[in-house]
Amino acid sequence: MRPKELIKKWIEIFNEGDADKIAELYHLDAINHQVANEPIEGRNAIKAMFSAEFSTADMTCIPENIFEDGEWAILEWKDPLGLRGCGFFQVIDGKIKFQRGYWDKLSFLRMHNLPIPTE
């Protein structure tokens, strides 16, 4: 599966809130680094991250642009509450090997009425 097509599938599964299915899109040793957080390493840890996030907030990814360049896909997104972000996905052998995401964590926490860290 080409990177752009894989990211379209990723968006579909993300919007279903299914941590098991989304984790299957990643290599066993994949890294997911949402820059507002520490990097998550390994498919099982990524699955646990998505499971925790899906149970904490109702999240929807609305794609604005998806670009493909070689083994990379770039996703520019927004959500229904007005948050915007961008994700970079390295796709090797039809699975995500590396992901980096940029978004405003403080805005996300405020929009979902979640606790704001004091440190």
# chains A, B, ... in the order shown; residues from 1 in each chain; ligands from 1

call {"tool": "closest_atom_pairs", "arguments": {"of": "stretch 10-73 of chain A", "to": "stretch 80-83 of chain A", "cutoff": "9 Å", "atoms": "only C-alpha atoms", "output": "CSV"}}
result
residue,atom,partner,partner_atom,distance
A:Met59,CA,A:Pro80,CA,8.6
A:Thr60,CA,A:Pro80,CA,7.0
A:Cys61,CA,A:Pro80,CA,8.2
A:Ile62,CA,A:Pro80,CA,7.7

call {"tool": "write_last_selection", "arguments": {"atoms": "all heavy atoms", "output": "PDB file, in the first residue's frame"}}
result
ATOM      1  N   MET A  59     -12.080  12.175  19.653  1.00  0.00           N
ATOM      2  CA  MET A  59     -11.226  12.818  18.659  1.00  0.00           C
ATOM      3  C   MET A  59     -11.669  12.446  17.249  1.00  0.00           C
ATOM      4  O   MET A  59     -12.032  11.306  16.992  1.00  0.00           O
ATOM      5  CB  MET A  59      -9.769  12.392  18.877  1.00  0.00           C
ATOM      6  CG  MET A  59      -9.222  12.791  20.230  1.00  0.00           C
ATOM      7  SD  MET A  59      -7.501  12.309  20.457  1.00  0.00           S
ATOM      8  CE  MET A  59      -7.627  10.535  20.510  1.00  0.00           C
ATOM      9  N   THR A  60     -11.612  13.436  16.369  1.00  0.00           N
ATOM     10  CA  THR A  60     -11.937  13.234  14.963  1.00  0.00           C
ATOM     11  C   THR A  60     -10.873  13.916  14.127  1.00  0.00           C
ATOM     12  O   THR A  60     -10.526  15.074  14.378  1.00  0.00           O
ATOM     13  CB  THR A  60     -13.312  13.837  14.625  1.00  0.00           C
ATOM     14  OG1 THR A  60     -14.305  13.228  15.449  1.00  0.00           O
ATOM     15  CG2 THR A  60     -13.668  13.632  13.164  1.00  0.00           C
ATOM     16  N   CYS A  61     -10.361  13.203  13.142  1.00  0.00           N
ATOM     17  CA  CYS A  61      -9.361  13.745  12.218  1.00  0.00           C
ATOM     18  C   CYS A  61     -10.047  14.067  10.902  1.00  0.00           C
ATOM     19  O   CYS A  61     -10.587  13.182  10.238  1.00  0.00           O
ATOM     20  CB  CYS A  61      -8.246  12.719  11.998  1.00  0.00           C
ATOM     21  SG  CYS A  61      -7.014  13.241  10.792  1.00  0.00           S
ATOM     22  N   ILE A  62     -10.018  15.338  10.541  1.00  0.00           N
ATOM     23  CA  ILE A  62     -10.559  15.785   9.255  1.00  0.00           C
ATOM     24  C   ILE A  62      -9.359  16.168   8.387  1.00  0.00           C
ATOM     25  O   ILE A  62      -8.692  17.167   8.657  1.00  0.00           O
ATOM     26  CB  ILE A  62     -11.511  16.984   9.426  1.00  0.00           C
ATOM     27  CG1 ILE A  62     -12.654  16.619  10.372  1.00  0.00           C
ATOM     28  CG2 ILE A  62     -12.025  17.463   8.065  1.00  0.00           C
ATOM     29  CD1 ILE A  62     -13.471  17.808  10.848  1.00  0.00           C
TER      30      ILE A  62
END

call {"tool": "residues_around", "arguments": {"residues": "A:Pro3", "least_positions_apart": "5", "cutoff": "12 Å", "atoms": "only C-alpha atoms", "output": "PDB file with N, CA and C atoms, in the first residue's frame"}}
result
ATOM      1  N   LYS A   8      -4.814   7.396   4.446  1.00  0.00           N
ATOM      2  CA  LYS A   8      -6.277   7.473   4.330  1.00  0.00           C
ATOM      3  C   LYS A   8      -6.932   6.382   5.183  1.00  0.00           C
ATOM      4  N   LYS A   9      -6.346   5.181   5.179  1.00  0.00           N
ATOM      5  CA  LYS A   9      -6.845   4.084   6.012  1.00  0.00           C
ATOM      6  C   LYS A   9      -6.645   4.425   7.490  1.00  0.00           C
ATOM      7  N   TRP A  10      -5.491   5.006   7.834  1.00  0.00           N
ATOM      8  CA  TRP A  10      -5.199   5.413   9.203  1.00  0.00           C
ATOM      9  C   TRP A  10      -6.262   6.387   9.709  1.00  0.00           C
ATOM     10  N   LEU A  25      -1.388  -1.043  11.696  1.00  0.00           N
ATOM     11  CA  LEU A  25      -0.806  -0.286  10.590  1.00  0.00           C
ATOM     12  C   LEU A  25       0.670   0.041  10.826  1.00  0.00           C
ATOM     13  N   ILE A  66      -3.221  15.687   2.081  1.00  0.00           N
ATOM     14  CA  ILE A  66      -2.342  14.531   2.236  1.00  0.00           C
ATOM     15  C   ILE A  66      -1.377  14.560   1.058  1.00  0.00           C
ATOM     16  N   PHE A  67      -0.113  14.614   1.382  1.00  0.00           N
ATOM     17  CA  PHE A  67       0.925  14.646   0.362  1.00  0.00           C
ATOM     18  C   PHE A  67       1.763  13.381   0.475  1.00  0.00           C
ATOM     19  N   GLU A  68       2.338  12.973  -0.626  1.00  0.00           N
ATOM     20  CA  GLU A  68       3.213  11.804  -0.640  1.00  0.00           C
ATOM     21  C   GLU A  68       4.511  12.169  -1.333  1.00  0.00           C
ATOM     22  N   ASP A  69       5.625  11.752  -0.725  1.00  0.00           N
ATOM     23  CA  ASP A  69       6.935  11.964  -1.316  1.00  0.00           C
ATOM     24  C   ASP A  69       7.785  10.743  -0.998  1.00  0.00           C
ATOM     25  N   GLY A  70       7.920   9.855  -1.954  1.00  0.00           N
ATOM     26  CA  GLY A  70       8.682   8.633  -1.734  1.00  0.00           C
ATOM     27  C   GLY A  70       8.014   7.775  -0.676  1.00  0.00           C
ATOM     28  N   GLU A  71       8.766   7.459   0.396  1.00  0.00           N
ATOM     29  CA  GLU A  71       8.216   6.619   1.452  1.00  0.00           C
ATOM     30  C   GLU A  71       7.543   7.444   2.563  1.00  0.00           C
ATOM     31  N   TRP A  72       7.333   8.714   2.315  1.00  0.00           N
ATOM     32  CA  TRP A  72       6.728   9.604   3.308  1.00  0.00           C
ATOM     33  C   TRP A  72       5.346  10.075   2.873  1.00  0.00           C
ATOM     34  N   ALA A  73       4.452  10.162   3.856  1.00  0.00           N
ATOM     35  CA  ALA A  73       3.147  10.806   3.670  1.00  0.00           C
ATOM     36  C   ALA A  73       3.049  11.920   4.698  1.00  0.00           C
ATOM     37  N   ILE A  74       2.471  13.025   4.303  1.00  0.00           N
ATOM     38  CA  ILE A  74       2.307  14.183   5.181  1.00  0.00           C
ATOM     39  C   ILE A  74       0.815  14.488   5.248  1.00  0.00           C
ATOM     40  N   LEU A  75       0.306  14.534   6.457  1.00  0.00           N
ATOM     41  CA  LEU A  75      -1.111  14.770   6.702  1.00  0.00           C
ATOM     42  C   LEU A  75      -1.291  16.098   7.408  1.00  0.00           C
ATOM     43  N   PHE A  88       3.729  13.556   9.983  1.00  0.00           N
ATOM     44  CA  PHE A  88       4.645  13.000   8.995  1.00  0.00           C
ATOM     45  C   PHE A  88       4.746  11.505   9.274  1.00  0.00           C
ATOM     46  N   PHE A  89       4.548  10.697   8.266  1.00  0.00           N
ATOM     47  CA  PHE A  89       4.527   9.243   8.400  1.00  0.00           C
ATOM     48  C   PHE A  89       5.525   8.638   7.420  1.00  0.00           C
ATOM     49  N   GLN A  90       6.479   7.884   7.936  1.00  0.00           N
ATOM     50  CA  GLN A  90       7.380   7.128   7.077  1.00  0.00           C
ATOM     51  C   GLN A  90       6.789   5.730   6.926  1.00  0.00           C
ATOM     52  N   VAL A  91       6.523   5.355   5.688  1.00  0.00           N
ATOM     53  CA  VAL A  91       5.887   4.072   5.400  1.00  0.00           C
ATOM     54  C   VAL A  91       6.885   3.186   4.662  1.00  0.00           C
ATOM     55  N   ILE A  92       7.188   2.050   5.291  1.00  0.00           N
ATOM     56  CA  ILE A  92       8.125   1.088   4.706  1.00  0.00           C
ATOM     57  C   ILE A  92       7.431  -0.267   4.652  1.00  0.00           C
ATOM     58  N   ASP A  93       7.458  -0.886   3.487  1.00  0.00           N
ATOM     59  CA  ASP A  93       6.816  -2.194   3.289  1.00  0.00           C
ATOM     60  C   ASP A  93       5.344  -2.182   3.708  1.00  0.00           C
ATOM     61  N   GLY A  94       4.666  -1.082   3.408  1.00  0.00           N
ATOM     62  CA  GLY A  94       3.215  -1.007   3.640  1.00  0.00           C
ATOM     63  C   GLY A  94       2.791  -0.774   5.073  1.00  0.00           C
ATOM     64  N   LYS A  95       3.746  -0.444   5.968  1.00  0.00           N
ATOM     65  CA  LYS A  95       3.410  -0.169   7.373  1.00  0.00           C
ATOM     66  C   LYS A  95       4.150   1.079   7.840  1.00  0.00           C
ATOM     67  N   ILE A  96       3.606   1.726   8.863  1.00  0.00           N
ATOM     68  CA  ILE A  96       4.220   2.933   9.408  1.00  0.00           C
ATOM     69  C   ILE A  96       5.419   2.543  10.260  1.00  0.00           C
ATOM     70  N   LYS A  97       6.567   3.086   9.902  1.00  0.00           N
ATOM     71  CA  LYS A  97       7.807   2.832  10.641  1.00  0.00           C
ATOM     72  C   LYS A  97       8.081   3.966  11.630  1.00  0.00           C
ATOM     73  N   PHE A  98       7.752   5.185  11.220  1.00  0.00           N
ATOM     74  CA  PHE A  98       7.992   6.359  12.048  1.00  0.00           C
ATOM     75  C   PHE A  98       6.890   7.371  11.811  1.00  0.00           C
ATOM     76  N   GLN A  99       6.437   7.992  12.894  1.00  0.00           N
ATOM     77  CA  GLN A  99       5.421   9.038  12.801  1.00  0.00           C
ATOM     78  C   GLN A  99       5.827  10.186  13.706  1.00  0.00           C
TER      79      GLN A  99
END

call {"tool": "atom_distance", "arguments": {"atom1": "atom CA of A:Trp103", "atom2": "atom CA of A:Asp20"}}
result
23.5 Å

call {"tool": "atom_distance", "arguments": {"atom1": "atom CA of A:Arg100", "atom2": "atom CA of A:Gly17"}}
result
19.3 Å

call {"tool": "select_by_dssp", "arguments": {"residues": "chain A", "states": "alpha helix (DSSP H)", "output": "short mmCIF file (atom, residue, chain, number, x, y, z; two decimals) with N, CA, C and O atoms, in the first residue's frame"}}
result
data_model
loop_
_atom_site.label_atom_id
_atom_site.label_comp_id
_atom_site.auth_asym_id
_atom_site.auth_seq_id
_atom_site.Cartn_x
_atom_site.Cartn_y
_atom_site.Cartn_z
N PRO A 3 2.10 5.11 0.64
CA PRO A 3 1.97 5.92 1.86
C PRO A 3 0.66 6.72 1.93
O PRO A 3 0.00 6.73 2.97
N LYS A 4 0.27 7.37 0.86
CA LYS A 4 -0.94 8.20 0.88
C LYS A 4 -2.18 7.34 1.15
O LYS A 4 -3.06 7.73 1.93
N GLU A 5 -2.25 6.18 0.54
CA GLU A 5 -3.40 5.29 0.76
C GLU A 5 -3.42 4.74 2.18
O GLU A 5 -4.48 4.60 2.78
N LEU A 6 -2.24 4.44 2.72
CA LEU A 6 -2.17 3.96 4.10
C LEU A 6 -2.66 5.03 5.07
O LEU A 6 -3.38 4.73 6.02
N ILE A 7 -2.31 6.28 4.82
CA ILE A 7 -2.74 7.35 5.72
C ILE A 7 -4.25 7.57 5.61
O ILE A 7 -4.91 7.86 6.61
N LYS A 8 -4.81 7.40 4.45
CA LYS A 8 -6.28 7.47 4.33
C LYS A 8 -6.93 6.38 5.18
O LYS A 8 -7.93 6.62 5.85
N LYS A 9 -6.35 5.18 5.18
CA LYS A 9 -6.85 4.08 6.01
C LYS A 9 -6.64 4.43 7.49
O LYS A 9 -7.52 4.17 8.32
N TRP A 10 -5.49 5.01 7.83
CA TRP A 10 -5.20 5.41 9.20
C TRP A 10 -6.26 6.39 9.71
O TRP A 10 -6.76 6.25 10.83
N ILE A 11 -6.62 7.37 8.89
CA ILE A 11 -7.65 8.35 9.26
C ILE A 11 -8.98 7.67 9.53
O ILE A 11 -9.66 7.95 10.53
N GLU A 12 -9.36 6.76 8.65
CA GLU A 12 -10.63 6.03 8.81
C GLU A 12 -10.66 5.28 10.14
O GLU A 12 -11.64 5.36 10.89
N ILE A 13 -9.58 4.57 10.45
CA ILE A 13 -9.53 3.79 11.69
C ILE A 13 -9.43 4.72 12.91
O ILE A 13 -10.07 4.48 13.93
N PHE A 14 -8.64 5.80 12.80
CA PHE A 14 -8.54 6.77 13.89
C PHE A 14 -9.93 7.29 14.24
O PHE A 14 -10.30 7.37 15.42
N ASN A 15 -10.71 7.62 13.24
CA ASN A 15 -12.05 8.18 13.47
C ASN A 15 -13.02 7.14 14.03
O ASN A 15 -14.02 7.51 14.64
N GLU A 16 -12.71 5.86 13.87
CA GLU A 16 -13.50 4.80 14.51
C GLU A 16 -13.10 4.64 15.97
O GLU A 16 -13.84 4.03 16.75
N ALA A 19 -8.14 1.20 18.69
CA ALA A 19 -6.71 1.10 18.96
C ALA A 19 -6.10 -0.19 18.40
O ALA A 19 -4.96 -0.18 17.93
N ASP A 20 -6.85 -1.29 18.45
CA ASP A 20 -6.33 -2.56 17.92
C ASP A 20 -6.07 -2.46 16.42
O ASP A 20 -5.00 -2.86 15.94
N LYS A 21 -7.05 -1.94 15.69
CA LYS A 21 -6.91 -1.86 14.23
C LYS A 21 -5.85 -0.85 13.81
O LYS A 21 -5.09 -1.11 12.88
N ILE A 22 -5.78 0.28 14.51
CA ILE A 22 -4.79 1.29 14.09
C ILE A 22 -3.37 0.79 14.38
O ILE A 22 -2.46 1.04 13.60
N ALA A 23 -3.20 0.04 15.46
CA ALA A 23 -1.87 -0.48 15.80
C ALA A 23 -1.36 -1.43 14.72
O ALA A 23 -0.15 -1.51 14.49
N ARG A 43 4.98 -1.33 18.53
CA ARG A 43 3.55 -1.44 18.20
C ARG A 43 2.67 -1.57 19.45
O ARG A 43 1.63 -0.93 19.54
N ASN A 44 3.08 -2.38 20.42
CA ASN A 44 2.25 -2.57 21.61
C ASN A 44 2.11 -1.28 22.40
O ASN A 44 1.04 -0.97 22.92
N ALA A 45 3.21 -0.52 22.53
CA ALA A 45 3.16 0.76 23.24
C ALA A 45 2.31 1.77 22.48
O ALA A 45 1.57 2.56 23.08
N ILE A 46 2.39 1.75 21.16
CA ILE A 46 1.57 2.65 20.34
C ILE A 46 0.10 2.29 20.50
O ILE A 46 -0.76 3.17 20.64
N LYS A 47 -0.20 1.00 20.51
CA LYS A 47 -1.58 0.55 20.73
C LYS A 47 -2.09 1.04 22.09
O LYS A 47 -3.21 1.56 22.19
N ALA A 48 -1.27 0.91 23.13
CA ALA A 48 -1.66 1.36 24.47
C ALA A 48 -1.89 2.88 24.48
O ALA A 48 -2.83 3.37 25.13
N MET A 49 -1.05 3.62 23.77
CA MET A 49 -1.21 5.07 23.69
C MET A 49 -2.55 5.43 23.06
O MET A 49 -3.31 6.24 23.60
N PHE A 50 -2.85 4.80 21.91
CA PHE A 50 -4.13 5.09 21.25
C PHE A 50 -5.31 4.67 22.11
O PHE A 50 -6.32 5.38 22.19
N SER A 51 -5.20 3.54 22.77
CA SER A 51 -6.28 3.06 23.64
C SER A 51 -6.57 4.09 24.74
O SER A 51 -7.73 4.43 25.00
N ALA A 52 -5.51 4.59 25.37
CA ALA A 52 -5.67 5.60 26.43
C ALA A 52 -6.26 6.90 25.86
O ALA A 52 -7.17 7.48 26.45
N GLU A 53 -5.76 7.32 24.71
CA GLU A 53 -6.24 8.58 24.12
C GLU A 53 -7.70 8.47 23.68
O GLU A 53 -8.49 9.39 23.89
N PHE A 54 -8.05 7.35 23.04
CA PHE A 54 -9.44 7.18 22.58
C PHE A 54 -10.42 7.13 23.75
O PHE A 54 -11.57 7.53 23.62
N SER A 55 -9.96 6.65 24.92
CA SER A 55 -10.86 6.58 26.08
C SER A 55 -10.91 7.91 26.84
O SER A 55 -11.79 8.10 27.67
N THR A 56 -9.97 8.82 26.55
CA THR A 56 -9.90 10.10 27.26
C THR A 56 -10.68 11.20 26.57
O THR A 56 -11.28 12.04 27.23
N LYS A 105 -0.85 21.04 22.31
CA LYS A 105 -1.36 20.21 23.39
C LYS A 105 -2.20 21.03 24.38
O LYS A 105 -3.24 20.56 24.86
N LEU A 106 -1.79 22.23 24.70
CA LEU A 106 -2.54 23.06 25.65
C LEU A 106 -3.95 23.34 25.11
O LEU A 106 -4.93 23.22 25.84
N SER A 107 -4.05 23.68 23.85
CA SER A 107 -5.38 23.91 23.25
C SER A 107 -6.22 22.64 23.29
O SER A 107 -7.41 22.68 23.60
N PHE A 108 -5.59 21.49 22.98
CA PHE A 108 -6.30 20.21 23.02
C PHE A 108 -6.87 19.95 24.41
O PHE A 108 -8.03 19.60 24.58
N LEU A 109 -6.04 20.11 25.44
CA LEU A 109 -6.48 19.86 26.82
C LEU A 109 -7.63 20.79 27.20
O LEU A 109 -8.61 20.36 27.81
N ARG A 110 -7.51 22.05 26.84
CA ARG A 110 -8.58 23.02 27.16
C ARG A 110 -9.88 22.67 26.43
O ARG A 110 -10.96 22.73 27.01
N MET A 111 -9.79 22.33 25.16
CA MET A 111 -10.98 22.02 24.36
C MET A 111 -11.74 20.81 24.90
O MET A 111 -12.96 20.73 24.77
#

call {"tool": "closest_residue", "arguments": {"among": "A:Glu119, A:Asp104, A:Asp58, A:Glu64", "to": "A:Val35", "atoms": "only C-alpha atoms"}}
result
A:Asp104

call {"tool": "atom_distance", "arguments": {"atom1": "atom CA of A:Glu24", "atom2": "atom CA of A:Gly42"}}
result
11.3 Å

call {"tool": "decode", "arguments": {"residues": "stretch 88-99 of chain A", "atoms": "N, CA, C and O atoms", "output": "mmCIF file, in the first residue's frame"}}
result
data_model
loop_
_atom_site.group_PDB
_atom_site.id
_atom_site.type_symbol
_atom_site.label_atom_id
_atom_site.label_comp_id
_atom_site.auth_asym_id
_atom_site.auth_seq_id
_atom_site.Cartn_x
_atom_site.Cartn_y
_atom_site.Cartn_z
ATOM 1 N N PHE A 88 3.729 13.556 9.983
ATOM 2 C CA PHE A 88 4.645 13.000 8.995
ATOM 3 C C PHE A 88 4.746 11.505 9.274
ATOM 4 O O PHE A 88 5.009 11.106 10.417
ATOM 5 N N PHE A 89 4.548 10.697 8.266
ATOM 6 C CA PHE A 89 4.527 9.243 8.400
ATOM 7 C C PHE A 89 5.525 8.638 7.420
ATOM 8 O O PHE A 89 5.400 8.835 6.209
ATOM 9 N N GLN A 90 6.479 7.884 7.936
ATOM 10 C CA GLN A 90 7.380 7.128 7.077
ATOM 11 C C GLN A 90 6.789 5.730 6.926
ATOM 12 O O GLN A 90 6.580 5.030 7.917
ATOM 13 N N VAL A 91 6.523 5.355 5.688
ATOM 14 C CA VAL A 91 5.887 4.072 5.400
ATOM 15 C C VAL A 91 6.885 3.186 4.662
ATOM 16 O O VAL A 91 7.357 3.536 3.582
ATOM 17 N N ILE A 92 7.188 2.050 5.291
ATOM 18 C CA ILE A 92 8.125 1.088 4.706
ATOM 19 C C ILE A 92 7.431 -0.267 4.652
ATOM 20 O O ILE A 92 6.857 -0.716 5.650
ATOM 21 N N ASP A 93 7.458 -0.886 3.487
ATOM 22 C CA ASP A 93 6.816 -2.194 3.289
ATOM 23 C C ASP A 93 5.344 -2.182 3.708
ATOM 24 O O ASP A 93 4.843 -3.127 4.317
ATOM 25 N N GLY A 94 4.666 -1.082 3.408
ATOM 26 C CA GLY A 94 3.215 -1.007 3.640
ATOM 27 C C GLY A 94 2.791 -0.774 5.073
ATOM 28 O O GLY A 94 1.603 -0.868 5.393
ATOM 29 N N LYS A 95 3.746 -0.444 5.968
ATOM 30 C CA LYS A 95 3.410 -0.169 7.373
ATOM 31 C C LYS A 95 4.150 1.079 7.840
ATOM 32 O O LYS A 95 5.217 1.420 7.318
ATOM 33 N N ILE A 96 3.606 1.726 8.863
ATOM 34 C CA ILE A 96 4.220 2.933 9.408
ATOM 35 C C ILE A 96 5.419 2.543 10.260
ATOM 36 O O ILE A 96 5.299 1.772 11.206
ATOM 37 N N LYS A 97 6.567 3.086 9.902
ATOM 38 C CA LYS A 97 7.807 2.832 10.641
ATOM 39 C C LYS A 97 8.081 3.966 11.630
ATOM 40 O O LYS A 97 8.591 3.742 12.715
ATOM 41 N N PHE A 98 7.752 5.185 11.220
ATOM 42 C CA PHE A 98 7.992 6.359 12.048
ATOM 43 C C PHE A 98 6.890 7.371 11.811
ATOM 44 O O PHE A 98 6.452 7.565 10.669
ATOM 45 N N GLN A 99 6.437 7.992 12.894
ATOM 46 C CA GLN A 99 5.421 9.038 12.801
ATOM 47 C C GLN A 99 5.827 10.186 13.706
ATOM 48 O O GLN A 99 6.253 9.975 14.846
#
